[in-house]
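A.B. asks: Structure in structure tokens, see below.
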Amino acid sequence: MLANYLIGLREGLEAALVVGILIAAVVKLGRRDVLPRLWLGVAAAVVLSLGLGAVLTFGAYGLTFQAQEIIGGGLSVVAVGFVTWMVFWMARTARSMRGELESSLDRAIAGGAWAVVALAFLSVGREGIETALFVWATVQSTGGGEAPVVGALLGILTAVAIEVAIYRGVVRLDLRRFFTVTGYLLVLVAAGVLAYGVGDLQEAGVLPGRTSLAFDVSAAVPPTSWWGTLLQGLVNFTPTPSWLQAGVWLAYVAVVVPLFARATRSRSTRPAEATAASAGAAAAGGSPTDRPTTRTTAGAPR
């Protein structure tokens, strides 16, 4: 539940911030007539994400065990790729997202109603698809159940509540720190999902070496114990990984963590441009909080 709560919180906050920036820009431009089109695009993106989740959850029934393992392992690897790209994309474009979105919105308004719908759909749909795919992969890796799904939903609801508070000027959030910390945590979760996906492909016979174990700590960390369940839920820890699983996990962490650390250090050395209050102030018609501050806060996360 906790790992999926983190995924829902981070992805949900990204999507909510995108919507908040678009709404603030529309209101600031005096084009409230565009808001219904904006919400139509957001609703379509939510439906697409839920539909993808339903297909992933129920679409594997009736397939052979080998086919299910191949699909599960392959989608786990794809999910890790999506999340890794998202983490680095956020680190690279955090400062410029607001300007890019507002520029895109100007062009969409000029292009007509469907262009605004498409902009909202694509902006939010990307986050929704990533969430659906990665949550499905983590649910599969922990054996299913309701708790992971509940965790993801709670994370998304928390993200929406945070964005509403930010939009109304109630909360100020240091986005640089938030996305840096959650980025590191998601890297560890993604490493576990990747190792799980490799294990699925080994079970299906696509990759060799499933019976060649790197170590066996099942006596010290029983899978059914509370700490074993906690480790499995958080980072997809398995007490009996194969050499290939252990090697893939170590290689992913060894490569991604230093690269992410360098990306976040590079970003932190540049002057922050946008603030959390600016999005809310724009919706209210502008206020002194529109002025740049020296602190990176939520409102223009990218």
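Ligands are numbered from 1 in the order shown, residues from 1 within each chain, and chains are lettered A, B, ... in the order they appear in the structure tokens.
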Hey, what's within 10 Å of region 193-205 of chain A if we count only C-alpha atoms and toss same-chain stuff fewer than 3 positions away? As a PyMOL selection string, please?
C.D. replies: chain A and resi 65-81+134+137-142+187-190+208-211+235-238+241-242+244-250+252
A.B. asks: Calculate how many Å separate CA of Glu127 (chain A) from CA of Ala15 (chain A), rounding to one decimal.
C.D. replies: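 Answer for the CA of Glu127 (chain A) to CA of Ala15 (chain A) separation: 6.0 Å.
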A.B. asks: Excluding region 158-165 of chain A and any residue of its chain fewer than 6 positions from it, enumerate the residues within 7 Å of it, using only C-alpha atoms, and give them as an mmCIF file with N, CA, C and O atoms, in the first residue's frame.
C.D. replies:
data_model
loop_
_atom_site.group_PDB
_atom_site.id
_atom_site.type_symbol
_atom_site.label_atom_id
_atom_site.label_comp_id
_atom_site.auth_asym_id
_atom_site.auth_seq_id
_atom_site.Cartn_x
_atom_site.Cartn_y
_atom_site.Cartn_z
ATOM 1 N N LEU A 9 0.596 9.419 -5.236
ATOM 2 C CA LEU A 9 0.832 10.790 -4.788
ATOM 3 C C LEU A 9 1.673 11.559 -5.792
ATOM 4 O O LEU A 9 1.323 12.680 -6.186
ATOM 5 N N GLY A 12 -0.135 11.623 -9.282
ATOM 6 C CA GLY A 12 -1.349 12.421 -9.136
ATOM 7 C C GLY A 12 -1.043 13.894 -8.966
ATOM 8 O O GLY A 12 -1.744 14.757 -9.513
ATOM 9 N N LEU A 13 0.019 14.206 -8.218
ATOM 10 C CA LEU A 13 0.373 15.606 -8.023
ATOM 11 C C LEU A 13 0.870 16.231 -9.327
ATOM 12 O O LEU A 13 0.565 17.385 -9.627
ATOM 13 N N ALA A 16 -2.263 16.854 -11.308
ATOM 14 C CA ALA A 16 -3.054 17.920 -10.697
ATOM 15 C C ALA A 16 -2.408 19.284 -10.918
ATOM 16 O O ALA A 16 -3.096 20.286 -11.157
ATOM 17 N N LEU A 17 -1.085 19.337 -10.835
ATOM 18 C CA LEU A 17 -0.383 20.600 -11.075
ATOM 19 C C LEU A 17 -0.538 21.053 -12.528
ATOM 20 O O LEU A 17 -0.679 22.249 -12.807
ATOM 21 N N VAL A 171 -1.433 26.367 0.843
ATOM 22 C CA VAL A 171 -0.222 25.570 1.063
ATOM 23 C C VAL A 171 0.858 26.009 0.085
ATOM 24 O O VAL A 171 0.586 26.308 -1.084
#
A.B. asks: What is the CA of Ala263 (chain A) to CA of Trp89 (chain A) distance in Å?
C.D. replies: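 Calculated distance between CA of Ala263 (chain A) and CA of Trp89 (chain A) is 9.7 Å.
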A.B. asks: For CA of Val117 (chain A) and CA of Glu11 (chain A), quote the distance in Å rounded to one decimal.
C.D. replies: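 Computing it gives 20.5 Å between the two atoms.
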A.B. asks: I'd like the contact shell of region 47-53 of chain A - 8 Å cut-off, only C-alpha atoms, skipping same-chain residues fewer than 5 positions apart - returned as a PyMOL selection string.
C.D. replies: chain A and resi 125+128-129+131-133+136
A.B. asks: Considering only C-alpha atoms, return as number ranges by chain whatever protein or nucleic-acid residues lie within 9 Å of Thr182 (chain A), sequence-local ones (same chain, fewer than 6 positions apart) excluded.
C.D. replies: A: 6-7, 10, 87
A.B. asks: Can you pull out every residue within 9 Å of Ala152 (chain A), counting only C-alpha atoms, but drop anything in the same chain fewer than 3 positions away, and send it as number ranges by chain?
C.D. replies: A: 1-9, 131, 135, 147-149, 155-157
A.B. asks: Taking 3 positions as the minimum chain separation for residues in the same chain, which residues sit within 8 Å of Phe179 (chain A) when counting only C-alpha atoms? Answer as a list of chain:residue names.
C.D. replies: A:Arg10, A:Met90, A:Ala91, A:Leu175, A:Arg176, A:Thr182, A:Gly183
A.B. asks: Could you tell me which of A:Asp106, A:Ala254, A:Tyr184, A:Ser123 comes closest to Ala25 (chain A) if we count only C-alpha atoms?
C.D. replies: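 For Ala25 (chain A), the nearest of the given residues is A:Asp106.
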